[in-house]
Amino acid sequence: MNKPLIGAFLAALLLGAGVAPAVAADSAQARESATETAPAVKAVTFAGTVALSNCSGSVVRSPDSAPTDPALVLSNGHCLETGFPGPGEVLVDRPSTRTFTLLDASGNGLGTLKASKIAYGTMTDTDLSLYELTSTYEQIESSYGIEALELETAHPVAGTAITVASGYWKRTYSCDIDGFVHQLKEGRWTWKDSVRYTPECRTIGGTSGSPVIDDATGKVVAVNNTGNESGQECTDNNPCEVDENGKVTVREGINYAQQTYNMVPCIGTGNKIDLDREGCGLPKP
């Protein structure tokens with residue numbers, strides 16, 4: 001898992017920024033044609049991301065969230081201050097006073113946001129946490145000029161250009177979605193339908209919980225959570241892929257994320273987590 005570890009800072013200095021190489025058009029005519037037909041892409045920034053004490057995160061909203069709703073912060077289940085949830089463990093509505101540093105577009109700290117509770121947290125089937133804040137979306141926007149990142153409601157697509165924005169390191173990693181993993185196993189935990197990055201996204205300790213943003217839409221499609229560090233098979237910090245037939249594949253140096261579209265239906269009126277809502281794909285306690 002991409003939590004800060006001993007030597008994480010040194011790793012950050014040694015690893016590249018993970019930006020995919022640009023591909024030039026073969027001719028001026030091709031470049032002109034591409035400019036005319038390609039949709040406008042808004043550059044991904046750090047606006048709306050947060051830094052935790054040990055991980056990254058982001059202020060997020062569902063399409064139906066209201067400005068007066070208490071804001072939500074998305075991160076990983078393994079980033080919870082209560083420690084790693086065990087297999088099968090699901091946390092709902094646990095009191096929390098955790099704080100988050102809100103960042104602007106350039107990665108500068110704007111102020112401190114505070115949680116009122118862990119609205120949801122688990123490492124079963126997925127690896128995510130949602131904190132409910134003491135501030136509403138409109139209060140955050142009024143005080144800091146920052147809008148929440150919107151959660152995508154549809155399953156992501158292979159080949160999509162993405163950016164992983166780490167509030168902890170104030171670094172971004174750009175690559176594509178390489179594909180999806182039937183089961184991703186790491187130590188005691190198993191995650192389903194995980195996102196696999198192309199090799200350019202060389203995420204490191206501290207990037208856990210970073211939003212994975214679709215470059216074309218600016219919406220959050222997943223939450224960054226792990227990578228195979230040393231080529232071991234299915235051990236801590238070395239997840240392995242298991243396909244529908246049980247075949248195990250190890251991809252050293254490849255990193256992964258957990259999809260977020262299936263949690264959007266779980267966010268009900270007032271941003272309350274309701275695991276019984278139609279379409280909710282999150283595990284229940």
# chains A, B, ... in the order shown; residues from 1 in each chain; ligands from 1
call {"tool": "select_by_dssp", "arguments": {"residues": "segment 41-108 of chain A", "states": "strand (DSSP E)", "output": "ChimeraX atom specification"}}
result
/A:49-51,56-61,70-75,90-95,99-103
call {"tool": "residues_around", "arguments": {"residues": "segment 54-62 of chain A", "least_positions_apart": "3", "cutoff": "6 Å", "atoms": "only C-alpha atoms", "output": "MDAnalysis selection string"}}
result
chainID A and resid 48:51 65 72:75 148:151 166:168 206:210
call {"tool": "atom_distance", "arguments": {"atom1": "atom CA of Thr226 of chain A", "atom2": "atom CA of Ile267 of chain A"}}
result
25.0 Å
call {"tool": "closest_residue", "arguments": {"among": "A:Thr269, A:Ser142, A:Thr101, A:Ser174", "to": "Thr160 of chain A", "atoms": "only C-alpha atoms"}}
result
A:Ser174
call {"tool": "closest_residue", "arguments": {"among": "A:Glu186, A:Asp64, A:Glu244, A:Glu152", "to": "Pro211 of chain A", "atoms": "only C-alpha atoms"}}
result
A:Glu152
call {"tool": "residues_around", "arguments": {"residues": "Val212 of chain A", "least_positions_apart": "6", "cutoff": "10 Å", "atoms": "only C-alpha atoms", "output": "list of chain:residue names"}}
result
A:Ser58, A:Ile162, A:Thr163, A:Val164, A:Ala165, A:Ser166, A:Thr172, A:Tyr173, A:Ser174, A:Ile177, A:Val195, A:Gly218, A:Lys219, A:Val220, A:Val221, A:Ala222, A:Val223, A:Asn224, A:Ala257, A:Gln258, A:Gln259, A:Thr260
call {"tool": "write_last_selection", "arguments": {"atoms": "N, CA, C and O atoms", "output": "mmCIF file, in the first residue's frame"}}
result
data_model
loop_
_atom_site.group_PDB
_atom_site.id
_atom_site.type_symbol
_atom_site.label_atom_id
_atom_site.label_comp_id
_atom_site.auth_asym_id
_atom_site.auth_seq_id
_atom_site.Cartn_x
_atom_site.Cartn_y
_atom_site.Cartn_z
ATOM 1 N N SER A 58 -9.046 14.036 -0.997
ATOM 2 C CA SER A 58 -9.690 15.108 -1.757
ATOM 3 C C SER A 58 -11.088 15.370 -1.220
ATOM 4 O O SER A 58 -11.746 14.471 -0.685
ATOM 5 N N ILE A 162 -5.436 9.779 -17.307
ATOM 6 C CA ILE A 162 -5.743 10.120 -15.920
ATOM 7 C C ILE A 162 -4.570 10.844 -15.263
ATOM 8 O O ILE A 162 -3.428 10.763 -15.723
ATOM 9 N N THR A 163 -4.893 11.520 -14.160
ATOM 10 C CA THR A 163 -3.876 12.136 -13.319
ATOM 11 C C THR A 163 -4.136 11.758 -11.869
ATOM 12 O O THR A 163 -5.266 11.866 -11.392
ATOM 13 N N VAL A 164 -3.104 11.297 -11.189
ATOM 14 C CA VAL A 164 -3.161 11.016 -9.754
ATOM 15 C C VAL A 164 -2.574 12.236 -9.052
ATOM 16 O O VAL A 164 -1.396 12.566 -9.255
ATOM 17 N N ALA A 165 -3.377 12.916 -8.249
ATOM 18 C CA ALA A 165 -2.955 14.170 -7.615
ATOM 19 C C ALA A 165 -2.747 13.957 -6.117
ATOM 20 O O ALA A 165 -3.710 13.801 -5.364
ATOM 21 N N SER A 166 -1.485 13.939 -5.691
ATOM 22 C CA SER A 166 -1.150 13.665 -4.293
ATOM 23 C C SER A 166 -1.014 14.949 -3.484
ATOM 24 O O SER A 166 -0.082 15.734 -3.699
ATOM 25 N N THR A 172 1.896 15.355 -9.009
ATOM 26 C CA THR A 172 0.936 14.661 -9.849
ATOM 27 C C THR A 172 1.647 13.606 -10.690
ATOM 28 O O THR A 172 2.837 13.734 -10.993
ATOM 29 N N TYR A 173 0.895 12.576 -11.046
ATOM 30 C CA TYR A 173 1.395 11.476 -11.859
ATOM 31 C C TYR A 173 0.412 11.274 -13.010
ATOM 32 O O TYR A 173 -0.785 11.089 -12.775
ATOM 33 N N SER A 174 0.900 11.314 -14.230
ATOM 34 C CA SER A 174 0.029 11.216 -15.398
ATOM 35 C C SER A 174 0.292 9.936 -16.174
ATOM 36 O O SER A 174 1.443 9.583 -16.440
ATOM 37 N N ILE A 177 -5.344 4.553 -17.915
ATOM 38 C CA ILE A 177 -5.869 3.325 -17.326
ATOM 39 C C ILE A 177 -5.491 2.176 -18.259
ATOM 40 O O ILE A 177 -5.897 2.147 -19.413
ATOM 41 N N VAL A 195 -8.383 -0.744 -10.659
ATOM 42 C CA VAL A 195 -7.812 -0.055 -11.807
ATOM 43 C C VAL A 195 -6.307 -0.303 -11.830
ATOM 44 O O VAL A 195 -5.620 -0.120 -10.816
ATOM 45 N N GLY A 218 -12.344 15.947 -15.658
ATOM 46 C CA GLY A 218 -12.018 16.530 -14.366
ATOM 47 C C GLY A 218 -12.699 15.838 -13.202
ATOM 48 O O GLY A 218 -12.608 16.298 -12.062
ATOM 49 N N LYS A 219 -13.364 14.697 -13.477
ATOM 50 C CA LYS A 219 -14.082 13.981 -12.418
ATOM 51 C C LYS A 219 -13.226 12.865 -11.824
ATOM 52 O O LYS A 219 -12.333 12.330 -12.470
ATOM 53 N N VAL A 220 -13.522 12.533 -10.579
ATOM 54 C CA VAL A 220 -12.803 11.474 -9.867
ATOM 55 C C VAL A 220 -13.370 10.123 -10.277
ATOM 56 O O VAL A 220 -14.575 9.873 -10.151
ATOM 57 N N VAL A 221 -12.495 9.240 -10.769
ATOM 58 C CA VAL A 221 -12.925 7.910 -11.206
ATOM 59 C C VAL A 221 -12.420 6.803 -10.292
ATOM 60 O O VAL A 221 -12.887 5.668 -10.375
ATOM 61 N N ALA A 222 -11.466 7.120 -9.427
ATOM 62 C CA ALA A 222 -10.891 6.097 -8.549
ATOM 63 C C ALA A 222 -10.077 6.777 -7.453
ATOM 64 O O ALA A 222 -9.870 7.996 -7.476
ATOM 65 N N VAL A 223 -9.628 5.966 -6.502
ATOM 66 C CA VAL A 223 -8.767 6.455 -5.431
ATOM 67 C C VAL A 223 -7.509 5.583 -5.405
ATOM 68 O O VAL A 223 -7.578 4.355 -5.331
ATOM 69 N N ASN A 224 -6.348 6.223 -5.522
ATOM 70 C CA ASN A 224 -5.062 5.523 -5.584
ATOM 71 C C ASN A 224 -4.806 4.765 -4.283
ATOM 72 O O ASN A 224 -5.045 5.287 -3.195
ATOM 73 N N ALA A 257 -5.441 1.398 -8.340
ATOM 74 C CA ALA A 257 -6.419 2.242 -7.644
ATOM 75 C C ALA A 257 -7.733 1.478 -7.520
ATOM 76 O O ALA A 257 -7.955 0.465 -8.193
ATOM 77 N N GLN A 258 -8.612 2.003 -6.670
ATOM 78 C CA GLN A 258 -9.932 1.411 -6.496
ATOM 79 C C GLN A 258 -11.002 2.342 -7.065
ATOM 80 O O GLN A 258 -10.999 3.546 -6.795
ATOM 81 N N GLN A 259 -11.896 1.758 -7.861
ATOM 82 C CA GLN A 259 -12.936 2.559 -8.496
ATOM 83 C C GLN A 259 -13.887 3.173 -7.464
ATOM 84 O O GLN A 259 -14.078 2.626 -6.382
ATOM 85 N N THR A 260 -14.483 4.301 -7.844
ATOM 86 C CA THR A 260 -15.366 5.026 -6.919
ATOM 87 C C THR A 260 -16.793 5.197 -7.437
ATOM 88 O O THR A 260 -17.653 5.659 -6.701
#
call {"tool": "closest_residue", "arguments": {"among": "A:Met123, A:Ile140, A:Ala216, A:Leu103", "to": "Gly187 of chain A", "atoms": "only C-alpha atoms"}}
result
A:Met123
call {"tool": "closest_residue", "arguments": {"among": "A:Asp215, A:Tyr137, A:Trp189, A:Pro70", "to": "Ala43 of chain A", "atoms": "only C-alpha atoms"}}
result
A:Asp215
call {"tool": "residues_around", "arguments": {"residues": "Arg196 of chain A", "least_positions_apart": "2", "cutoff": "7 Å", "atoms": "only C-alpha atoms", "output": "VMD selection string"}}
result
chain A and resid 177 to 181 194 198 255 to 257
call {"tool": "residues_around", "arguments": {"residues": "Asn76 of chain A", "least_positions_apart": "6", "cutoff": "6 Å", "atoms": "only C-alpha atoms", "output": "MDAnalysis selection string"}}
result
chainID A and resid 127:129 209
call {"tool": "write_last_selection", "arguments": {"atoms": "C-alpha atoms", "output": "PDB file, in the first residue's frame"}}
result
ATOM      1  CA  ASP A 127      -9.903   0.372  -0.056  1.00  0.00           C
ATOM      2  CA  LEU A 128     -11.581   3.654   0.760  1.00  0.00           C
ATOM      3  CA  SER A 129     -12.646   6.015   3.492  1.00  0.00           C
ATOM      4  CA  GLY A 209      -5.836   8.196  -1.009  1.00  0.00           C
TER       5      GLY A 209
END
call {"tool": "residues_around", "arguments": {"residues": "Glu252 of chain A", "least_positions_apart": "6", "cutoff": "10 Å", "atoms": "only C-alpha atoms", "output": "list in words"}}
result
Pro199, Gly227, Asn228, Glu229, Ser230, Gly231, Gln232, Glu233, Asn238, Pro239 and Cys240 of chain A
call {"tool": "closest_residue", "arguments": {"among": "A:Lys185, A:Leu282, A:Gly205, A:Pro67", "to": "Asp236 of chain A", "atoms": "only C-alpha atoms"}}
result
A:Lys185
call {"tool": "closest_residue", "arguments": {"among": "A:Asn237, A:Ser143, A:Thr217, A:Thr136", "to": "Ala71 of chain A", "atoms": "only C-alpha atoms"}}
result
A:Thr136
